[in-house]
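Okay, model_15.txt now, which holds compact mmCIF, C-alpha atoms:
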```
# COMPACT_ATOMS: atom_id res chain seq x y z
CA MET A 1026 -81.44 53.96 195.90
CA ILE A 1027 -82.05 53.08 199.56
CA ALA A 1028 -85.58 54.54 199.41
CA GLU A 1029 -86.25 52.44 196.31
CA LYS A 1030 -85.09 49.31 198.10
CA GLU A 1031 -87.24 50.10 201.13
CA THR A 1032 -90.31 50.63 198.92
CA GLN A 1033 -89.55 47.32 197.25
CA MET A 1034 -89.32 45.65 200.67
CA LEU A 1035 -92.64 47.15 201.74
CA GLN A 1036 -94.22 45.90 198.53
CA THR A 1037 -92.76 42.44 199.13
CA LYS A 1038 -94.12 42.50 202.66
CA SER A 1039 -97.56 43.40 201.47
CA ILE A 1040 -97.45 40.66 198.82
CA ASP A 1041 -96.46 38.16 201.53
CA ASP A 1042 -99.36 39.34 203.69
CA GLN A 1043 -101.78 38.95 200.80
CA ILE A 1044 -100.48 35.47 200.07
CA LEU A 1045 -100.74 34.38 203.70
CA GLU A 1046 -104.22 35.85 204.07
CA LYS A 1047 -105.42 33.90 201.07
CA ILE A 1048 -103.74 30.68 202.24
CA GLU A 1049 -105.38 30.96 205.67
CA ASN A 1050 -108.82 30.88 204.06
CA ARG A 1051 -109.83 27.37 202.93
CA GLU A 1052 -111.67 28.70 199.89
CA THR A 1053 -108.78 30.82 198.60
CA GLU A 1054 -105.80 28.72 199.73
CA ARG A 1055 -105.04 27.38 196.25
CA LEU A 1056 -105.12 30.88 194.81
CA GLY A 1057 -102.82 32.06 197.60
CA PHE A 1058 -100.40 29.22 196.93
CA HIS A 1059 -100.43 29.97 193.21
CA MET A 1060 -99.50 33.57 194.03
CA LEU A 1061 -96.68 32.29 196.26
CA VAL A 1062 -95.30 30.06 193.49
CA GLN A 1063 -95.48 32.92 190.96
CA GLU A 1064 -93.72 35.25 193.36
CA TYR A 1065 -90.86 33.00 194.45
CA GLN A 1066 -90.30 30.27 191.86
CA LYS A 1067 -87.61 32.17 189.95
CA ARG A 1068 -85.59 33.07 193.04
CA VAL A 1069 -85.83 29.52 194.38
CA TYR A 1070 -84.92 27.98 191.03
CA TRP A 1071 -81.82 30.19 190.56
CA HIS A 1072 -80.74 29.67 194.15
CA ILE A 1073 -80.85 25.91 193.62
CA ARG A 1074 -79.45 25.99 190.09
CA LYS A 1075 -76.31 27.80 191.26
CA MET A 1076 -75.77 25.02 193.80
CA VAL A 1077 -76.47 21.95 191.63
CA ILE A 1078 -75.59 23.48 188.20
CA ASP A 1079 -77.71 20.97 186.23
CA HIS A 1080 -81.12 22.23 185.02
CA ASP A 1081 -82.99 18.93 185.49
CA ASP A 1082 -81.75 18.57 189.06
CA ALA A 1083 -82.67 22.19 189.77
CA ASP A 1084 -86.12 21.63 188.25
CA ASP A 1085 -86.77 18.55 190.44
CA LEU A 1086 -85.49 20.26 193.58
CA THR A 1087 -87.51 23.43 192.96
CA GLN A 1088 -90.68 21.36 192.63
CA GLU A 1089 -89.78 19.37 195.74
CA THR A 1090 -89.20 22.63 197.63
CA PHE A 1091 -92.63 24.01 196.73
CA ILE A 1092 -94.36 20.72 197.57
CA LYS A 1093 -92.74 20.95 201.02
CA VAL A 1094 -93.80 24.61 201.26
CA TRP A 1095 -97.40 23.61 200.45
CA LYS A 1096 -97.36 20.88 203.08
CA LYS A 1097 -95.88 23.12 205.77
CA ILE A 1098 -97.42 26.49 204.96
CA LYS A 1099 -100.25 26.10 207.51
CA GLY A 1100 -97.64 25.81 210.22
CA PHE A 1101 -95.76 28.91 209.05
CA LYS A 1102 -95.53 31.47 211.81
CA ASN A 1103 -94.85 35.09 211.02
CA GLN A 1104 -91.67 34.99 213.12
CA SER A 1105 -89.61 35.10 209.93
CA LYS A 1106 -90.18 36.54 206.49
CA LEU A 1107 -91.95 34.25 204.08
CA TYR A 1108 -89.12 34.27 201.55
CA THR A 1109 -86.39 33.52 204.12
CA TRP A 1110 -88.54 30.59 205.26
CA ILE A 1111 -88.88 29.36 201.65
CA TYR A 1112 -85.13 29.87 201.08
CA LYS A 1113 -84.45 27.79 204.16
CA ILE A 1114 -86.53 24.90 202.81
CA ALA A 1115 -84.87 25.22 199.40
CA THR A 1116 -81.40 25.29 200.96
CA ASN A 1117 -82.03 22.20 203.09
CA THR A 1118 -83.55 20.33 200.14
CA CYS A 1119 -80.52 21.23 198.06
CA LEU A 1120 -77.98 20.24 200.72
CA SER A 1121 -79.62 16.87 201.39
CA PHE A 1122 -79.65 16.22 197.61
CA LEU A 1123 -75.92 16.91 197.39
CA GLU A 1124 -75.25 14.73 200.43
CA LYS A 1125 -77.29 11.86 198.98
CA LYS A 1126 -75.51 12.22 195.67
CA LYS A 1127 -72.15 11.95 197.39
CA LYS A 1128 -73.23 8.82 199.31
CA ARG A 1129 -75.16 7.11 196.49
CA PHE A 1130 -72.28 7.11 194.08
CA LEU A 1131 -69.64 6.68 196.76
CA LEU A 1132 -67.92 9.63 195.20
CA PRO A 1133 -65.19 11.44 197.04
CA ILE A 1134 -65.86 15.19 197.23
CA LYS A 1135 -63.37 15.91 194.40
CA ASP A 1136 -65.36 13.74 191.99
CA VAL A 1137 -68.55 15.65 192.79
CA HIS A 1138 -66.63 18.86 192.01
CA LYS A 1139 -65.37 17.25 188.81
CA GLU A 1140 -68.92 16.34 187.76
CA LEU A 1141 -70.21 19.86 188.44
CA THR A 1142 -67.19 21.43 186.69
CA SER A 1143 -67.80 19.33 183.59
CA LYS A 1144 -71.37 20.69 183.53
CA VAL A 1145 -70.05 24.25 183.74
CA ASN A 1146 -67.54 23.51 180.99
CA ALA A 1147 -70.37 22.26 178.77
CA LEU A 1148 -72.25 25.57 179.01
CA ASP A 1149 -72.49 27.42 175.74
CA LEU A 1150 -71.01 30.88 176.44
CA ASN A 1151 -69.79 33.85 174.44
CA GLU A 1152 -66.08 34.54 174.30
CA GLY A 1153 -66.44 37.50 176.65
CA GLU A 1154 -68.12 35.33 179.22
CA GLU A 1155 -65.19 32.95 179.72
CA ILE A 1156 -64.22 34.78 182.91
CA GLN A 1157 -67.70 33.94 184.24
CA ARG A 1158 -67.06 30.27 183.57
CA LYS A 1159 -63.79 30.54 185.50
CA LEU A 1160 -65.61 32.24 188.35
CA GLN A 1161 -68.19 29.43 188.46
CA ARG A 1162 -65.45 26.78 188.45
CA ALA A 1163 -63.87 28.54 191.44
CA VAL A 1164 -67.25 28.71 193.25
CA ILE A 1165 -67.82 24.99 192.70
CA LYS A 1166 -64.60 24.22 194.56
CA LEU A 1167 -65.90 25.88 197.73
CA PRO A 1168 -67.39 23.74 200.51
CA ASN A 1169 -71.21 23.72 200.40
CA LYS A 1170 -71.70 26.14 203.30
CA GLN A 1171 -69.23 28.68 201.85
CA LYS A 1172 -70.82 28.26 198.44
CA LEU A 1173 -74.28 28.98 199.86
CA VAL A 1174 -73.11 32.08 201.72
CA PHE A 1175 -71.23 33.35 198.66
CA ASN A 1176 -74.20 32.84 196.31
CA MET A 1177 -76.70 34.47 198.67
CA LYS A 1178 -74.45 37.46 199.38
CA TYR A 1179 -72.83 37.98 195.99
CA TYR A 1180 -75.55 36.98 193.51
CA ASP A 1181 -78.78 37.37 195.50
CA GLU A 1182 -77.50 40.45 197.38
CA MET A 1183 -79.10 39.34 200.61
CA LYS A 1184 -78.38 40.93 203.97
CA TYR A 1185 -76.28 38.99 206.47
CA GLU A 1186 -79.26 39.07 208.88
CA GLU A 1187 -81.42 37.29 206.31
CA ILE A 1188 -78.72 34.72 205.51
CA SER A 1189 -78.32 34.23 209.26
CA GLU A 1190 -82.01 33.33 209.55
CA ILE A 1191 -81.78 30.85 206.68
CA LEU A 1192 -78.59 29.12 207.77
CA ASP A 1193 -79.01 29.46 211.54
CA THR A 1194 -75.53 30.99 211.77
CA SER A 1195 -74.42 34.18 213.47
CA VAL A 1196 -73.79 37.30 211.36
CA GLY A 1197 -70.17 37.43 212.51
CA SER A 1198 -69.52 33.89 211.38
CA LEU A 1199 -71.22 34.56 208.03
CA LYS A 1200 -69.02 37.61 207.42
CA ALA A 1201 -65.93 35.51 208.08
CA THR A 1202 -67.24 32.72 205.82
CA TYR A 1203 -67.92 35.17 202.98
CA HIS A 1204 -64.50 36.75 203.39
CA HIS A 1205 -62.82 33.31 203.17
CA ALA A 1206 -64.91 32.37 200.16
CA VAL A 1207 -63.99 35.55 198.26
CA LYS A 1208 -60.31 35.05 199.10
CA LYS A 1209 -60.34 31.47 197.81
CA ILE A 1210 -62.18 32.48 194.63
CA GLU A 1211 -59.71 35.28 193.89
CA GLU A 1212 -56.78 32.90 194.40
CA GLU A 1213 -58.37 30.40 192.01
CA LEU A 1214 -58.98 33.12 189.42
CA LYS A 1215 -55.33 34.18 189.64
CA ARG A 1216 -54.28 30.58 189.10
CA TYR A 1217 -56.53 30.28 186.01
CA ILE A 1218 -55.06 33.46 184.55
CA ILE A 1219 -51.47 32.27 185.08
CA GLU A 1220 -52.35 28.94 183.44
CA MET B 894 -57.46 39.46 190.16
CA LYS B 895 -60.23 40.94 192.32
CA LEU B 896 -63.82 39.69 192.34
CA SER B 897 -64.97 43.28 191.91
CA ASP B 898 -63.21 43.39 188.51
CA ILE B 899 -65.65 40.84 187.15
CA PRO B 900 -69.12 41.97 186.06
CA LYS B 901 -71.87 40.22 188.03
CA LYS B 902 -73.70 37.94 185.65
CA ASN B 903 -75.79 34.79 185.67
CA ILE B 904 -74.35 32.45 183.06
CA PHE B 905 -77.04 29.80 183.43
CA SER B 906 -80.14 29.95 181.32
CA THR B 907 -83.51 28.30 180.79
CA SER B 908 -86.15 28.59 178.10
CA ASP B 909 -88.62 31.46 178.37
CA ALA B 910 -91.57 29.14 178.79
CA TYR B 911 -89.90 27.15 181.58
CA PHE B 912 -91.29 29.11 184.52
CA GLU B 913 -94.86 28.94 183.20
CA LYS B 914 -94.54 25.19 182.98
CA LEU B 915 -92.83 25.03 186.38
CA SER B 916 -95.66 26.79 188.20
CA SER B 917 -98.32 24.65 186.51
CA ASP B 918 -96.31 21.48 187.34
CA ILE B 919 -96.06 22.54 190.99
CA MET B 920 -99.78 23.35 191.21
CA LYS B 921 -100.64 20.00 189.64
CA LYS B 922 -98.35 18.04 191.95
CA THR B 923 -99.57 19.74 195.12
CA GLU B 924 -103.17 19.09 194.02
CA GLU B 925 -102.38 15.39 193.46
CA LYS B 926 -100.72 15.22 196.88
CA GLU B 927 -103.78 16.81 198.48
CA ILE B 928 -106.14 14.32 196.81
CA LEU B 929 -103.84 11.49 197.83
CA THR B 930 -103.79 12.73 201.39
CA LYS B 931 -107.59 13.00 201.52
CA THR B 932 -108.40 9.68 199.87
CA GLN B 933 -105.57 7.47 201.00
CA TRP B 934 -105.02 8.77 204.49
CA PHE B 935 -105.18 5.21 205.81
CA ARG B 936 -102.18 4.31 203.66
CA GLN B 937 -100.07 7.06 205.16
CA PRO B 938 -97.10 5.76 207.22
CA VAL B 939 -98.24 7.81 210.23
CA PHE B 940 -101.63 6.11 210.23
CA GLN B 941 -100.08 2.67 209.72
CA LEU B 942 -97.70 3.29 212.61
CA ALA B 943 -100.55 4.52 214.78
CA SER B 944 -102.76 1.52 213.96
CA THR B 945 -99.87 -0.86 214.74
CA PHE B 946 -99.40 0.93 218.05
CA VAL B 947 -103.14 0.70 218.87
CA PHE B 948 -103.13 -3.02 217.99
CA LEU B 949 -100.10 -3.69 220.20
CA LEU B 950 -101.69 -1.65 222.98
CA PHE B 951 -104.89 -3.70 222.65
CA VAL B 952 -102.95 -7.00 222.79
CA GLY B 953 -100.97 -5.71 225.78
CA VAL B 954 -104.11 -4.66 227.67
CA ALA B 955 -105.79 -8.01 226.90
CA LEU B 956 -102.76 -9.93 228.19
CA TYR B 957 -102.55 -7.76 231.29
CA LEU B 958 -106.24 -8.23 232.09
CA SER B 959 -106.10 -12.00 231.60
CA GLN B 960 -103.06 -12.16 233.90
CA GLN B 961 -104.89 -10.06 236.50
CA LYS B 962 -107.90 -12.37 236.22
CA SER B 963 -105.85 -15.51 236.84
CA GLU B 964 -104.13 -13.81 239.78
CA ASN B 965 -107.56 -12.94 241.20
CA THR B 966 -108.72 -16.55 240.76
CA ILE B 967 -105.73 -17.83 242.71
CA SER B 968 -106.30 -15.38 245.47
CA GLU B 969 -110.01 -16.38 245.65
CA ALA B 970 -108.94 -20.04 246.03
CA ASP B 971 -106.47 -18.98 248.72
CA LYS B 972 -109.25 -17.15 250.57
CA ILE B 973 -111.44 -20.27 250.55
CA LEU B 974 -108.56 -22.43 251.80
CA VAL B 975 -107.86 -19.99 254.64
CA ASN B 976 -111.46 -20.31 255.82
CA ILE B 977 -111.35 -24.12 255.97
CA GLU B 978 -110.57 -25.60 259.36
CA GLU B 979 -107.38 -27.62 259.67
CA GLU B 980 -109.34 -30.63 260.92
CA GLU B 981 -111.54 -30.62 257.86
CA ILE B 982 -108.48 -30.58 255.61
CA ASN B 983 -106.86 -33.43 257.49
CA GLU B 984 -110.11 -35.41 257.28
CA TYR B 985 -110.33 -34.74 253.58
CA LEU B 986 -106.73 -35.81 253.01
CA TYR B 987 -107.25 -38.94 255.10
CA TYR B 988 -110.30 -40.08 253.15
CA SER B 989 -109.26 -38.92 249.71
CA ASN B 990 -106.60 -41.63 249.28
CA LEU B 991 -108.80 -44.51 250.38
CA GLU B 992 -109.11 -47.54 248.17
CA THR B 993 -112.56 -49.02 247.57
CA ASN B 994 -112.00 -51.93 249.94
CA GLU B 995 -110.76 -49.55 252.63
CA ILE B 996 -114.00 -47.56 252.29
CA ILE B 997 -115.97 -50.79 252.69
CA GLU B 998 -113.93 -51.73 255.75
CA LEU B 999 -114.66 -48.36 257.28
CA LEU B 1000 -118.36 -48.69 256.60
CA VAL B 1001 -118.36 -52.14 258.18
CA GLU B 1002 -116.58 -50.80 261.22
CA ASN B 1003 -119.24 -48.12 261.54
CA ASN B 1004 -122.03 -50.79 261.19
CA SER B 1005 -123.53 -48.99 258.19
CA GLU B 1006 -125.95 -50.75 255.92
CA ILE B 1007 -124.10 -51.56 252.79
CA THR B 1008 -125.71 -52.68 249.63
CA PRO B 1009 -123.73 -52.79 246.44
CA SER B 1010 -125.89 -50.18 244.85
CA GLU B 1011 -125.29 -46.78 243.32
CA GLN B 1012 -126.95 -45.09 246.32
CA TYR B 1013 -123.91 -45.64 248.58
CA PHE B 1014 -121.01 -45.44 246.23
CA SER B 1015 -122.28 -42.82 243.82
CA VAL B 1016 -120.31 -44.49 241.13
CA GLU B 1017 -121.39 -46.15 237.99
CA GLU B 1018 -122.04 -49.84 238.07
CA GLN B 1019 -119.75 -50.43 235.15
CA TRP B 1020 -116.89 -48.76 236.98
CA LEU B 1021 -117.40 -50.97 240.00
CA GLU B 1022 -117.37 -54.09 237.87
CA VAL B 1023 -114.06 -53.13 236.37
CA ASN B 1024 -112.30 -51.73 239.43
CA THR B 1025 -113.51 -53.89 242.29
CA ASP B 1026 -113.72 -57.54 242.95
CA LEU B 1027 -117.41 -58.10 243.76
CA GLN B 1028 -116.64 -61.47 245.32
CA ASP B 1029 -114.53 -59.68 247.91
CA VAL B 1030 -117.35 -57.29 248.56
CA GLU B 1031 -119.80 -60.18 249.08
CA LEU B 1032 -117.50 -61.60 251.73
CA TYR B 1033 -118.28 -58.67 253.93
CA PHE B 1034 -122.04 -59.28 253.94
```
Rewrite the structure of this file - the entire thing - as structure tokens.
Amino acid sequence: MIAEKETQMLQTKSIDDQILEKIENRETERLGFHMLVQEYQKRVYWHIRKMVIDHDDADDLTQETFIKVWKKIKGFKNQSKLYTWIYKIATNTCLSFLEKKKKRFLLPIKDVHKELTSKVNALDLNEGEEIQRKLQRAVIKLPNKQKLVFNMKYYDEMKYEEISEILDTSVGSLKATYHHAVKKIEEELKRYIIE
Amino acid sequence: MKLSDIPKKNIFSTSDAYFEKLSSDIMKKTEEKEILTKTQWFRQPVFQLASTFVFLLFVGVALYLSQQKSENTISEADKILVNIEEEEINEYLYYSNLETNEIIELLVENNSEITPSEQYFSVEEQWLEVNTDLQDVELYF
């Protein structure tokens, strides 16, 4: 299992190298960027979708993220992995969207939660998936930072070191944040079951 | 209830064709942005800000130079004044406020030949007619 993951990481690294090589060359930069979009669009879209819930918002923000990536890619330095760099741009784009939304509509935080919850409630799910809806409703109630850490750790199965690079937060602090997030979610789930 | 009791699942969905459309939309938009950047670079806020800055710099330099020039002019005048003897200045001040008849009196005192012509007064005839009483002048001759 570990060997498989390491092979996968090596493959990812080599794909990143190929992409960057192509982007560095003026004649192949568009091809390189197309490869980048193909490689990362799904991960970026789902990362954003879990934060904003709505498909149209996620679609706009994913496009905005890749436009920013295209503009900044020449300045990308190999100090971080390409996908953590892209995740960072996606995360910041997403957070500033949520902040703007809160300010534009003068909504208190609870109303933003309400709006997102109503979108989760409108999802067409099978009977067996109701527990998933409850889980999502509990995740929505988390503060943005906790929500990000929870999604990246729980759903995307990222390492704390990678999340640390994206959020500029220490590993220790991220572990504590994740622990708090899980605790809150479990309490919420208990409450839903009692109700 | 523990989180580990729940199977990990993504409950959100999109159509199968969505990601194909998404990548083509992104490629199209980044191409448009590139064209826009190449053709309308002068409309970019950075360029507009820079051109405003250059304009203000130009105006500032022009104002500074003109101020320097006027300061230099004053100092040149000062230099000339320093080189003039005090006696010459006093003489100038003494004669500069003389009325026409006073000038004539002085000339008479010095026994100079006076004819009411332009040679002596270096003034226009018309001016003399208006500003002096020729009858008074004739009295002196």
Point to revise | Residues of chain B within 12 Å of chain A, all atoms listed in the file counted, as a count of residues only | key: 34
Check your understanding: When you draw a straight line from CA of Glu1152 in chain A to CA of Ile1165 in chain A, how long is it in Å?
Key ->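 That distance, rounded to one decimal, is 20.8 Å.
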Using all atoms of range 1064-1073 of chain A listed in the file and a margin of 4 Å per side, can you give the axis-aligned box centre and edge lengths in Å to one decimal, as AutoDock Vina command-line options?
```
--center_x -87.2 --center_y 30.6 --center_z 192.2 --size_x 21.0 --size_y 17.3 --size_z 12.5
```
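When only C-alpha atoms are used to compute distances to Lys1200 in chain A, the closest of the residues A:Glu1186, A:Asp1181, A:Glu1064, A:Asp1136 turns out to be A:Glu1186.
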Exercise for review: For CA of Ala1163 in chain A and CA of Leu1141 in chain A, determine how far apart the two atoms are, in Å to one decimal place.
Suggested key: 11.2 Å
Point to revise | Distance in Å - CA of Ile1073 in chain A versus CA of Leu1086 in chain A | key: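 Between CA of Ile1073 in chain A and CA of Leu1086 in chain A the gap is 7.3 Å.
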**Study point:** Shortest interatomic distance to Ile1040 in chain A - which of A:Leu1107, A:Ile1098, A:Met1076, A:Glu1054, counting only C-alpha atoms
**Key:**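 Result for the nearest residue to Ile1040 in chain A: A:Leu1107.
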